[in-house]
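Asks: Just so it is clear, I am handing over query-v3.tsv, which has TSV, C-alpha atoms.
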chain	number	residue	atom	x	y	z
J	1	MET	CA	2.37	-15.94	12.60
J	2	ALA	CA	3.60	-14.44	9.33
J	3	ASN	CA	0.15	-14.93	7.78
J	4	LYS	CA	-1.32	-13.26	10.86
J	5	ALA	CA	0.86	-10.22	10.30
J	6	LEU	CA	-0.02	-10.22	6.61
J	7	ARG	CA	-3.72	-10.37	7.36
J	8	PHE	CA	-3.24	-7.55	9.83
J	9	THR	CA	-1.60	-5.52	7.05
J	10	SER	CA	-4.42	-6.16	4.62
J	11	ARG	CA	-7.03	-5.37	7.29
J	12	ALA	CA	-5.25	-2.11	8.14
J	13	GLN	CA	-5.21	-1.18	4.47
J	14	ARG	CA	-8.87	-2.11	4.00
J	15	GLY	CA	-9.78	0.78	6.27
J	16	SER	CA	-8.12	3.29	3.97
J	17	SER	CA	-8.88	3.71	0.26
J	18	LYS	CA	-7.91	0.28	-1.08
J	19	ARG	CA	-6.41	0.08	-4.55
J	20	TYR	CA	-7.81	-2.46	-7.00
J	21	PHE	CA	-5.39	-5.07	-8.37
J	22	VAL	CA	-6.24	-7.45	-11.22
J	23	ILE	CA	-4.15	-10.28	-9.78
J	24	ASP	CA	-5.28	-10.98	-6.25
J	25	ASP	CA	-4.69	-14.74	-6.09
J	26	PRO	CA	-1.40	-16.22	-4.78
J	27	SER	CA	-1.09	-18.84	-7.58
J	28	TRP	CA	-1.60	-16.29	-10.34
J	29	CYS	CA	0.73	-13.93	-8.52
J	30	ALA	CA	3.45	-16.64	-8.44
J	31	ALA	CA	2.94	-17.17	-12.17
J	32	ALA	CA	3.18	-13.40	-12.77
J	33	LEU	CA	6.41	-13.23	-10.74
J	34	LEU	CA	7.92	-16.05	-12.81
J	35	LEU	CA	6.78	-14.38	-16.04
J	36	VAL	CA	8.31	-11.06	-15.00
J	37	LEU	CA	11.58	-12.73	-13.98
J	38	THR	CA	11.75	-14.57	-17.33
J	39	LEU	CA	10.92	-11.48	-19.40
J	40	SER	CA	13.29	-9.17	-17.50
J	41	SER	CA	16.15	-11.67	-17.79
J	42	SER	CA	15.37	-12.30	-21.49
J	43	ALA	CA	15.92	-8.60	-22.24
J	44	PHE	CA	19.58	-9.09	-21.24
J	45	PHE	CA	20.25	-12.50	-22.72
J	46	ILE	CA	18.23	-13.13	-25.91
J	47	ASP	CA	19.59	-12.72	-29.40
J	48	GLN	CA	18.88	-9.53	-31.36
J	49	THR	CA	16.78	-11.42	-33.92
J	50	GLN	CA	14.40	-12.62	-31.19
J	51	LEU	CA	14.05	-9.19	-29.62
J	52	VAL	CA	10.94	-8.46	-31.69
J	53	TYR	CA	8.97	-11.22	-29.87
J	54	LEU	CA	9.96	-9.67	-26.53
J	55	CYS	CA	8.87	-6.26	-27.84
J	56	VAL	CA	5.43	-7.70	-28.70
J	57	VAL	CA	4.98	-9.28	-25.22
J	58	ASP	CA	6.27	-6.17	-23.41
J	59	GLY	CA	4.04	-4.00	-25.61
J	60	MET	CA	1.03	-6.02	-24.48
J	61	LEU	CA	2.10	-5.62	-20.83
J	62	LEU	CA	2.54	-1.89	-21.42
J	63	LEU	CA	-0.95	-1.58	-22.89
J	64	HIS	CA	-2.39	-3.60	-20.01
J	65	GLY	CA	-0.53	-1.41	-17.49
J	66	CYS	CA	-1.89	1.74	-19.18
J	67	TYR	CA	-5.38	0.22	-19.08
J	68	LEU	CA	-4.87	-0.24	-15.31
J	69	ARG	CA	-4.05	3.49	-15.11
J	70	GLY	CA	-0.33	3.00	-14.57
J	71	LYS	CA	1.79	6.14	-14.90
J	72	LEU	CA	4.25	5.98	-17.78
J	73	MET	CA	6.33	8.93	-16.59
J	74	SER	CA	8.87	6.83	-14.66
J	75	LEU	CA	9.51	4.61	-17.71
J	76	ILE	CA	9.79	7.59	-20.05
J	77	LYS	CA	12.18	9.32	-17.64
J	78	LEU	CA	14.34	6.16	-17.41
J	79	PHE	CA	14.45	5.82	-21.21
J	80	VAL	CA	15.26	9.49	-21.93
J	81	VAL	CA	17.95	9.80	-19.23
J	82	GLN	CA	19.66	6.55	-20.24
J	83	LEU	CA	19.47	7.47	-23.94
J	84	LEU	CA	21.03	10.89	-23.33
J	85	VAL	CA	23.83	9.49	-21.13
J	86	THR	CA	24.60	6.66	-23.57
J	87	CYS	CA	24.59	8.91	-26.66
J	88	CYS	CA	26.85	11.42	-24.90
J	89	LEU	CA	29.27	8.65	-23.92
J	90	TYR	CA	29.39	7.29	-27.49
J	91	LEU	CA	30.10	10.78	-28.80
J	92	LEU	CA	32.76	11.29	-26.12
J	93	MET	CA	34.47	8.02	-27.07
J	94	GLN	CA	34.29	9.06	-30.76
J	95	GLN	CA	32.21	6.03	-31.64
J	96	SER	CA	29.31	7.86	-33.28
J	97	ASP	CA	29.21	5.21	-36.04
J	98	ARG	CA	28.25	2.66	-33.36
J	99	MET	CA	25.55	4.87	-31.86
J	100	LEU	CA	22.82	2.45	-32.97
J	101	GLU	CA	24.33	-0.18	-30.64
J	102	GLY	CA	23.82	2.20	-27.73
J	103	VAL	CA	20.23	2.99	-28.70
J	104	LEU	CA	19.51	-0.75	-28.94
J	105	ALA	CA	21.06	-1.30	-25.48
J	106	VAL	CA	18.82	1.39	-23.97
J	107	CYS	CA	15.81	-0.24	-25.64
J	108	ARG	CA	16.82	-3.55	-24.03
J	109	LEU	CA	17.02	-1.76	-20.66
J	110	LEU	CA	13.50	-0.44	-21.18
J	111	LEU	CA	12.31	-3.94	-22.13
J	112	ALA	CA	13.83	-5.24	-18.86
J	113	ALA	CA	12.04	-2.53	-16.85
J	114	ILE	CA	8.54	-2.85	-18.37
J	115	PRO	CA	7.64	-6.24	-16.77
J	116	GLY	CA	8.57	-4.96	-13.27
J	117	TRP	CA	6.44	-1.85	-13.83
J	118	TRP	CA	3.53	-4.02	-14.97
J	119	LEU	CA	3.90	-6.28	-11.89
J	120	ALA	CA	3.60	-3.26	-9.59
J	121	MET	CA	0.43	-2.18	-11.44
J	122	SER	CA	-1.35	-5.53	-11.58
J	123	CYS	CA	-0.32	-7.62	-8.53
J	124	SER	CA	-1.46	-6.84	-5.02
J	125	PRO	CA	1.52	-6.36	-2.62
J	126	GLU	CA	-0.14	-8.67	-0.07
J	127	ARG	CA	-0.26	-11.51	-2.61
J	128	ILE	CA	3.40	-10.96	-3.58
J	129	ALA	CA	4.29	-11.16	0.11
J	130	GLU	CA	2.19	-14.34	0.42
J	131	VAL	CA	4.04	-15.95	-2.48
J	132	LEU	CA	7.39	-14.97	-0.95
J	133	ASN	CA	6.21	-16.65	2.27
J	134	TRP	CA	6.25	-19.96	0.41
J	135	VAL	CA	9.99	-19.71	-0.13
J	136	MET	CA	11.09	-17.73	2.94
J	137	PRO	CA	11.59	-19.09	6.48
J	138	VAL	CA	8.68	-18.26	8.82
J	139	LYS	CA	10.82	-15.97	10.98
J	140	TRP	CA	11.89	-13.84	8.01
J	141	ALA	CA	8.41	-13.80	6.51
J	142	PHE	CA	7.21	-12.43	9.85
J	143	VAL	CA	9.97	-9.80	9.80
J	144	VAL	CA	9.04	-8.69	6.24
J	145	ALA	CA	5.32	-8.60	7.04
J	146	ALA	CA	5.90	-6.69	10.29
J	147	SER	CA	8.20	-4.18	8.56
J	148	ILE	CA	5.76	-3.50	5.73
J	149	SER	CA	2.80	-3.20	8.09
J	150	LEU	CA	4.78	-0.59	10.03
J	151	LEU	CA	5.43	1.58	6.96
J	152	PRO	CA	2.59	4.01	7.83
J	153	PHE	CA	4.11	4.31	11.33
J	154	PHE	CA	7.57	5.03	9.86
J	155	SER	CA	6.07	7.61	7.52
J	156	ARG	CA	4.20	9.35	10.37
J	157	GLU	CA	7.33	9.36	12.55
J	158	ILE	CA	9.47	10.79	9.73
J	159	GLN	CA	6.89	13.53	9.06
J	160	GLU	CA	6.68	14.47	12.73
J	161	ILE	CA	10.45	14.48	13.28
J	162	TYR	CA	10.96	16.40	10.02
J	163	ALA	CA	8.41	19.08	10.96
J	164	ILE	CA	9.92	19.52	14.43
J	165	GLN	CA	13.50	19.71	13.13
J	166	ARG	CA	12.49	22.23	10.44
J	167	MET	CA	10.92	24.39	13.15
J	168	ARG	CA	14.25	24.20	15.01
J	169	GLY	CA	15.90	25.62	11.87
J	170	ALA	CA	17.61	22.51	10.44
J	171	ASN	CA	18.75	22.83	6.80
J	172	ILE	CA	16.86	19.77	5.58
J	173	SER	CA	14.39	21.22	3.08
J	174	ALA	CA	14.26	19.59	-0.37
J	175	LYS	CA	16.15	22.58	-1.80
J	176	ALA	CA	18.85	22.46	0.91
J	177	LEU	CA	19.32	18.72	0.42
J	178	ARG	CA	20.42	19.26	-3.19
J	179	ASN	CA	23.71	20.28	-1.61
J	180	PRO	CA	25.46	17.17	-0.16
J	181	ARG	CA	26.99	19.36	2.57
J	182	HIS	CA	23.61	19.29	4.33
J	183	TRP	CA	23.29	15.50	4.28
J	184	PRO	CA	25.04	14.99	7.66
J	185	GLU	CA	22.37	17.27	9.13
J	186	LEU	CA	19.67	15.03	7.63
J	187	VAL	CA	21.33	12.01	9.21
J	188	HIS	CA	21.71	13.56	12.67
J	189	CYS	CA	18.32	15.34	12.74
J	190	ILE	CA	16.09	12.70	11.14
J	191	LEU	CA	17.78	9.32	10.86
J	192	VAL	CA	19.31	9.10	14.34
J	193	PRO	CA	16.00	9.82	16.21
J	194	LEU	CA	14.30	7.41	13.83
J	195	LEU	CA	16.89	4.68	14.45
J	196	ILE	CA	16.45	5.16	18.20
J	197	GLN	CA	12.69	4.66	17.74
J	198	LEU	CA	13.28	1.59	15.54
J	199	LEU	CA	15.61	-0.06	18.04
J	200	LYS	CA	13.10	0.49	20.85
J	201	LEU	CA	10.26	-0.79	18.66
J	202	ALA	CA	12.24	-3.88	17.62
J	203	LYS	CA	12.87	-4.69	21.29
J	204	GLN	CA	9.18	-4.24	22.20
J	205	MET	CA	7.94	-6.31	19.26
J	206	ALA	CA	10.44	-9.09	19.94
J	207	ASN	CA	9.35	-9.24	23.59
J	208	ALA	CA	5.67	-9.29	22.59
J	209	ALA	CA	6.27	-12.07	20.07
J	210	LYS	CA	8.32	-14.09	22.57
J	211	LEU	CA	5.53	-13.82	25.15
J	212	ARG	CA	3.24	-15.35	22.51
J	213	GLN	CA	5.70	-18.25	22.06
J	214	PHE	CA	6.78	-17.09	18.61
J	215	ASP	CA	9.71	-19.10	17.20
J	216	GLN	CA	9.55	-21.48	20.19
J	217	ARG	CA	7.77	-24.37	18.48
J	218	GLN	CA	8.41	-26.26	15.26
J	219	LYS	CA	4.77	-26.15	14.16
J	220	THR	CA	3.53	-22.69	13.14
J	221	THR	CA	0.28	-21.53	14.69
J	222	PHE	CA	-2.21	-19.12	13.11
J	223	TRP	CA	-4.71	-16.71	14.59
J	224	ARG	CA	-8.14	-17.27	13.02
J	225	TYR	CA	-10.05	-14.18	11.90
M	1	MET	CA	23.35	-21.76	11.44
M	2	PHE	CA	23.46	-17.92	11.48
M	3	ASP	CA	19.67	-17.58	11.13
M	4	LYS	CA	19.04	-19.77	14.22
M	5	LYS	CA	21.49	-17.85	16.40
M	6	LEU	CA	20.11	-14.45	15.47
M	7	GLN	CA	17.73	-13.00	18.05
M	8	LEU	CA	14.26	-11.91	16.94
M	9	GLN	CA	15.02	-8.37	18.09
M	10	ASP	CA	18.03	-8.20	15.77
M	11	ALA	CA	16.05	-9.75	12.91
M	12	LEU	CA	13.33	-7.13	13.34
M	13	PHE	CA	15.91	-4.33	13.45
M	14	ILE	CA	17.45	-5.62	10.20
M	15	GLY	CA	13.96	-5.74	8.64
M	16	PHE	CA	13.12	-2.20	9.78
M	17	CYS	CA	16.42	-0.87	8.42
M	18	ALA	CA	15.80	-2.59	5.07
M	19	THR	CA	12.27	-1.18	4.83
M	20	LEU	CA	13.41	2.30	5.80
M	21	LEU	CA	16.18	2.13	3.20
M	22	VAL	CA	13.70	1.28	0.45
M	23	ALA	CA	11.17	3.90	1.60
M	24	LEU	CA	13.77	6.70	1.82
M	25	LYS	CA	15.34	5.68	-1.49
M	26	SER	CA	12.00	5.87	-3.27
M	27	MET	CA	11.31	9.27	-1.65
M	28	LEU	CA	14.70	10.77	-2.54
M	29	ARG	CA	15.23	9.34	-6.03
M	30	LEU	CA	12.78	11.77	-7.62
M	31	LYS	CA	14.27	14.81	-5.90
M	32	LEU	CA	17.99	14.16	-6.42
M	33	GLY	CA	19.27	13.43	-9.90
M	34	LEU	CA	22.86	12.66	-8.85
M	35	THR	CA	24.72	9.54	-10.01
M	36	GLY	CA	25.53	7.17	-7.17
M	37	HIS	CA	23.48	8.90	-4.48
M	38	SER	CA	21.76	5.59	-3.75
M	39	MET	CA	25.10	4.30	-2.40
M	40	PHE	CA	24.86	6.86	0.43
M	41	LEU	CA	21.65	5.42	1.88
M	42	MET	CA	22.58	1.83	1.04
M	43	CYS	CA	25.99	2.00	2.78
M	44	PHE	CA	24.58	3.97	5.70
M	45	PHE	CA	21.85	1.43	6.52
M	46	TYR	CA	24.02	-1.62	5.86
M	47	LEU	CA	26.75	-0.31	8.16
M	48	VAL	CA	24.25	0.70	10.86
M	49	CYS	CA	22.83	-2.83	10.63
M	50	TYR	CA	26.30	-4.29	11.08
M	51	GLY	CA	26.95	-1.92	13.96
M	52	GLY	CA	23.60	-2.67	15.61
M	53	VAL	CA	23.68	-6.44	15.24
M	54	GLY	CA	27.45	-6.92	15.40
M	55	ARG	CA	27.55	-10.07	13.29
M	56	CYS	CA	28.97	-11.03	9.95
M	57	GLY	CA	25.99	-11.88	7.71
M	58	ALA	CA	23.71	-9.11	9.00
M	59	ILE	CA	24.53	-6.92	5.99
M	60	THR	CA	23.64	-9.67	3.51
M	61	LEU	CA	20.34	-10.27	5.31
M	62	CYS	CA	19.58	-6.55	5.22
M	63	GLY	CA	20.38	-6.42	1.49
M	64	VAL	CA	18.20	-9.42	0.65
M	65	LEU	CA	15.32	-8.09	2.76
M	66	ALA	CA	15.63	-4.65	1.12
M	67	GLY	CA	15.40	-6.35	-2.27
M	68	VAL	CA	12.35	-8.34	-1.20
M	69	VAL	CA	10.62	-5.25	0.24
M	70	ALA	CA	11.44	-3.23	-2.91
M	71	MET	CA	9.97	-6.01	-5.03
M	72	ILE	CA	6.79	-6.14	-2.92
M	73	LEU	CA	6.36	-2.36	-2.93
M	74	GLY	CA	7.19	-2.06	-6.65
M	75	VAL	CA	10.08	0.34	-6.08
M	76	GLY	CA	12.75	0.70	-8.77
M	77	LYS	CA	10.90	-0.79	-11.75
M	78	GLY	CA	13.23	-3.80	-11.79
M	79	GLY	CA	10.79	-6.51	-10.70
M	80	PRO	CA	12.62	-9.55	-9.32
M	81	LEU	CA	15.96	-8.23	-10.67
M	82	ILE	CA	15.86	-5.48	-8.03
M	83	LEU	CA	16.97	-8.18	-5.56
M	84	ALA	CA	20.42	-8.25	-7.20
M	85	LYS	CA	20.69	-4.46	-6.99
M	86	PHE	CA	20.35	-4.49	-3.21
M	87	ALA	CA	21.88	-7.88	-2.41
M	88	LEU	CA	25.14	-7.74	-4.42
M	89	PRO	CA	26.72	-4.78	-2.59
M	90	ALA	CA	25.63	-6.34	0.72
M	91	VAL	CA	27.24	-9.68	-0.12
M	92	ALA	CA	30.44	-7.88	-1.21
M	93	MET	CA	30.50	-6.04	2.13
M	94	ASP	CA	30.12	-9.27	4.11
M	95	ILE	CA	32.85	-11.02	2.11
M	96	THR	CA	35.18	-8.05	2.70
M	97	LEU	CA	34.28	-8.11	6.39
M	98	MET	CA	35.45	-11.72	6.60
M	99	LEU	CA	38.75	-10.83	4.92
M	100	LEU	CA	39.50	-7.72	6.96
M	101	PRO	CA	41.55	-8.04	10.17
M	102	SER	CA	39.39	-7.57	13.28
M	103	VAL	CA	41.97	-5.21	14.85
M	104	MET	CA	41.46	-2.67	12.06
M	105	PRO	CA	40.11	0.68	13.36
M	106	LEU	CA	36.32	0.92	13.00
M	107	LEU	CA	36.32	3.95	10.69
M	108	TRP	CA	38.79	2.39	8.23
M	109	ARG	CA	36.86	-0.87	8.36
M	110	PHE	CA	33.67	0.99	7.42
M	111	ILE	CA	35.42	2.86	4.60
M	112	ALA	CA	36.81	-0.42	3.22
M	113	LEU	CA	33.33	-1.99	3.39
M	114	ALA	CA	31.78	1.02	1.64
M	115	LEU	CA	34.36	0.85	-1.14
M	116	ALA	CA	33.76	-2.89	-1.57
M	117	ALA	CA	30.01	-2.25	-1.88
M	118	THR	CA	30.57	0.46	-4.48
M	119	LEU	CA	32.91	-1.80	-6.45
M	120	ALA	CA	30.25	-4.54	-6.52
M	121	TRP	CA	27.58	-2.01	-7.50
M	122	ALA	CA	29.67	-0.56	-10.35
M	123	LEU	CA	30.69	-4.07	-11.47
M	124	LYS	CA	27.03	-5.09	-11.60
M	125	GLY	CA	26.33	-2.05	-13.78
M	126	PHE	CA	29.31	-2.83	-16.03
M	127	VAL	CA	28.25	-6.47	-16.56
M	128	GLY	CA	24.66	-5.34	-17.13
M	129	ASP	CA	25.80	-2.81	-19.77
M	130	LEU	CA	27.88	-5.46	-21.53
M	131	LEU	CA	24.91	-7.87	-21.52
M	132	LEU	CA	22.70	-5.11	-22.95
M	133	GLY	CA	25.13	-4.79	-25.86
M	134	LEU	CA	27.01	-1.55	-25.15
M	135	SER	CA	30.62	-1.39	-26.39
M	136	VAL	CA	33.35	-2.29	-23.88
M	137	GLU	CA	34.79	1.25	-23.91
M	138	VAL	CA	31.43	2.90	-23.16
M	139	SER	CA	30.59	0.30	-20.50
M	140	LEU	CA	33.98	0.91	-18.87
M	141	LEU	CA	33.44	4.66	-18.91
M	142	LYS	CA	29.98	4.29	-17.39
M	143	GLY	CA	31.37	1.87	-14.79
M	144	ALA	CA	34.20	4.27	-13.92
M	145	LYS	CA	31.73	7.13	-13.52
M	146	SER	CA	29.53	5.02	-11.23
M	147	LEU	CA	32.58	3.89	-9.26
M	148	PHE	CA	33.85	7.44	-8.76
M	149	PHE	CA	30.57	9.09	-7.73
M	150	GLY	CA	29.36	6.00	-5.84
M	151	SER	CA	32.62	5.91	-3.85
M	152	LEU	CA	32.25	9.55	-2.84
M	153	PHE	CA	28.74	8.99	-1.50
M	154	ALA	CA	29.61	5.65	0.11
M	155	ILE	CA	32.64	7.12	1.92
M	156	ALA	CA	30.48	10.04	3.12
M	157	ALA	CA	28.05	7.51	4.62
M	158	ALA	CA	30.88	5.46	6.16
M	159	LEU	CA	32.29	8.58	7.84
M	160	LEU	CA	28.92	9.32	9.45
M	161	VAL	CA	28.16	5.85	10.82
M	162	PRO	CA	30.63	5.75	13.80
M	163	SER	CA	29.13	8.93	15.30
M	164	VAL	CA	25.61	7.54	14.78
M	165	LEU	CA	26.57	4.28	16.51
M	166	GLN	CA	28.14	6.29	19.32
M	167	ARG	CA	24.83	8.14	19.83
M	168	LEU	CA	22.86	4.90	19.80
M	169	LYS	CA	25.30	3.46	22.33
M	170	SER	CA	24.89	6.51	24.56
M	171	HIS	CA	21.14	5.78	24.60
M	172	ASP	CA	22.03	2.25	25.79
M	173	LEU	CA	20.36	0.72	22.73
M	174	LEU	CA	23.27	-1.33	21.41
M	175	HIS	CA	23.58	-4.53	23.36
M	176	LYS	CA	26.46	-5.92	21.28
M	177	ASP	CA	30.11	-5.09	21.97
M	178	GLU	CA	31.68	-6.94	19.02
M	179	VAL	CA	31.87	-3.83	16.82
Can you present the structure in this file as structure tokens?
Replies:
Amino acid sequence: MANKALRFTSRAQRGSSKRYFVIDDPSWCAAALLLVLTLSSSAFFIDQTQLVYLCVVDGMLLLHGCYLRGKLMSLIKLFVVQLLVTCCLYLLMQQSDRMLEGVLAVCRLLLAAIPGWWLAMSCSPERIAEVLNWVMPVKWAFVVAASISLLPFFSREIQEIYAIQRMRGANISAKALRNPRHWPELVHCILVPLLIQLLKLAKQMANAAKLRQFDQRQKTTFWRY
Amino acid sequence: MFDKKLQLQDALFIGFCATLLVALKSMLRLKLGLTGHSMFLMCFFYLVCYGGVGRCGAITLCGVLAGVVAMILGVGKGGPLILAKFALPAVAMDITLMLLPSVMPLLWRFIALALAATLAWALKGFVGDLLLGLSVEVSLLKGAKSLFFGSLFAIAAALLVPSVLQRLKSHDLLHKDEV
């Protein structure tokens, strides 16, 4: 059932402009996930002397990500913001002699972020979901697949509700939302109607799945395409 | 086991909330540059999940699913470590929920849960900073800043949730009376 939902997702996406991913095989995707987990964790735990090896590996991933036309702006923004905050805090604590420690820590943070960025560039989301299916219970794999396949629906609903509420004069423009005083309006004008839709949709989908005997048998059945 | 008892409708609602949380977070993070603003959405959706499902454990499930969805969609640049970012505050909320007396007024219960989530979130940041090699003083200062701003946003979300649940109840969409 979960695979069925996943296939439905990939079929729905095939209709639109499909993005090319280098890793489109579940086994390779599992290996990539393990690699990313190891590299991201290593950035926190390895000794300073071994950091150069991690820099080399992450540098290769960075080059590969750039080759795959990944945008570096998010990584640069993360690095600059963290560097500024950390340097300011060191100056505030009158520890300017230990500033290098802070710069090194921010570099480690960047090294932890690069593998995740590369994963998003190189692995197809459907394959990541397929790998997660191996470790997740069928019911939850179905829930994840159904939720992700409904993302375009959520997006359309949000856009429609947003446009209607703006026409009614709600203070929920991007500029107005910079002021937290307008956030309750966002919740009541956008999130509440959306939650009402979601609750109704969850009920309908659960009934449809129950009618198809989902979660009633031990052995999982698949729809053949 | 909790998973067996949970109805498919509730499981789907938890999944939808988790996906919506990730989608809205990725939309808003570029527009708002405020520290701790992610705690607003996180606490809001976790508490709505608890209110909608009415079971201890629903928040943890929502947190884990949000982490999984974020990992699949490549939101947050953290790769598999993004799971901890979403799941830790959720686990802290569920543990607090088990410790809190059930007779406690709903609003205060939500505020306590929001504060527990923020504490876990700031603690995760503090431990992460220490592991990265920042000095204890700077890590503490960063942690305190996260705790202060995160608490403000989390409490704001907790204050909104009872009225949202009331509106959902008035539409006859909440079939649980535990909360």
Asks: What is the atom CA of M:Leu113-atom CA of M:Leu97 distance in Å, reported with one decimal?
Replies: 6.9 Å
Asks: Starting from chain J, keep only residues with some atom at most 6 Å from an atom of chain M, counting all atoms listed in the file, and report them as a list in words.
Replies: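 Residues satisfying the distance criterion: Leu37, Phe44, Gly102, Ala105, Ala113, Gly116, Trp117, Ala120, Pro125, Ile128, Val143, Ser147, Ala202, Lys203 and Ala206 of chain J.
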Asks: So how far away is atom CA of J:Pro26 from atom CA of J:Ala146, in Å?
Replies: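 Separation between atom CA of J:Ala146 and atom CA of J:Pro26: 19.3 Å.
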Asks: Taking 6 positions as the minimum chain separation for residues in the same chain, which residues sit within 12 Å of stretch 163-172 of chain J when counting all atoms listed in the file? Answer as a list in words.
Replies: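 Counting only the stated atoms, we get Arg156, Glu157, Arg178, Asn179, Pro180, Arg181, His182, Trp183, Pro184, Glu185, Leu186, Val187, His188, Cys189, Ile190, Leu191 and Pro193 of chain J.
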Asks: Find the residues around J:Met136 up to 12 Å (all atoms listed in the file counted), leave out those fewer than 3 positions away in its own chain, and share them as a PDB file with C-alpha atoms, keeping the file's coordinate frame.
Replies:
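Dumped everything to result27.pdb:
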ATOM      1  CA  ALA J   2       3.600 -14.440   9.330  1.00  0.00           C
ATOM      2  CA  ALA J 129       4.290 -11.160   0.110  1.00  0.00           C
ATOM      3  CA  GLU J 130       2.190 -14.340   0.420  1.00  0.00           C
ATOM      4  CA  VAL J 131       4.040 -15.950  -2.480  1.00  0.00           C
ATOM      5  CA  LEU J 132       7.390 -14.970  -0.950  1.00  0.00           C
ATOM      6  CA  ASN J 133       6.210 -16.650   2.270  1.00  0.00           C
ATOM      7  CA  LYS J 139      10.820 -15.970  10.980  1.00  0.00           C
ATOM      8  CA  TRP J 140      11.890 -13.840   8.010  1.00  0.00           C
ATOM      9  CA  ALA J 141       8.410 -13.800   6.510  1.00  0.00           C
ATOM     10  CA  PHE J 142       7.210 -12.430   9.850  1.00  0.00           C
ATOM     11  CA  VAL J 143       9.970  -9.800   9.800  1.00  0.00           C
ATOM     12  CA  VAL J 144       9.040  -8.690   6.240  1.00  0.00           C
ATOM     13  CA  ALA J 145       5.320  -8.600   7.040  1.00  0.00           C
TER      14      ALA J 145
ATOM     15  CA  ASP M   3      19.670 -17.580  11.130  1.00  0.00           C
ATOM     16  CA  VAL M  64      18.200  -9.420   0.650  1.00  0.00           C
ATOM     17  CA  LEU M  65      15.320  -8.090   2.760  1.00  0.00           C
ATOM     18  CA  VAL M  68      12.350  -8.340  -1.200  1.00  0.00           C
TER      19      VAL M  68
END
Asks: Just give me the gap between atom CA of J:Pro152 and atom CA of J:Leu201 in Å, one decimal is fine.
Replies: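 Taking atom CA of J:Pro152 as the start and atom CA of J:Leu201 as the end point, the length is 14.1 Å.
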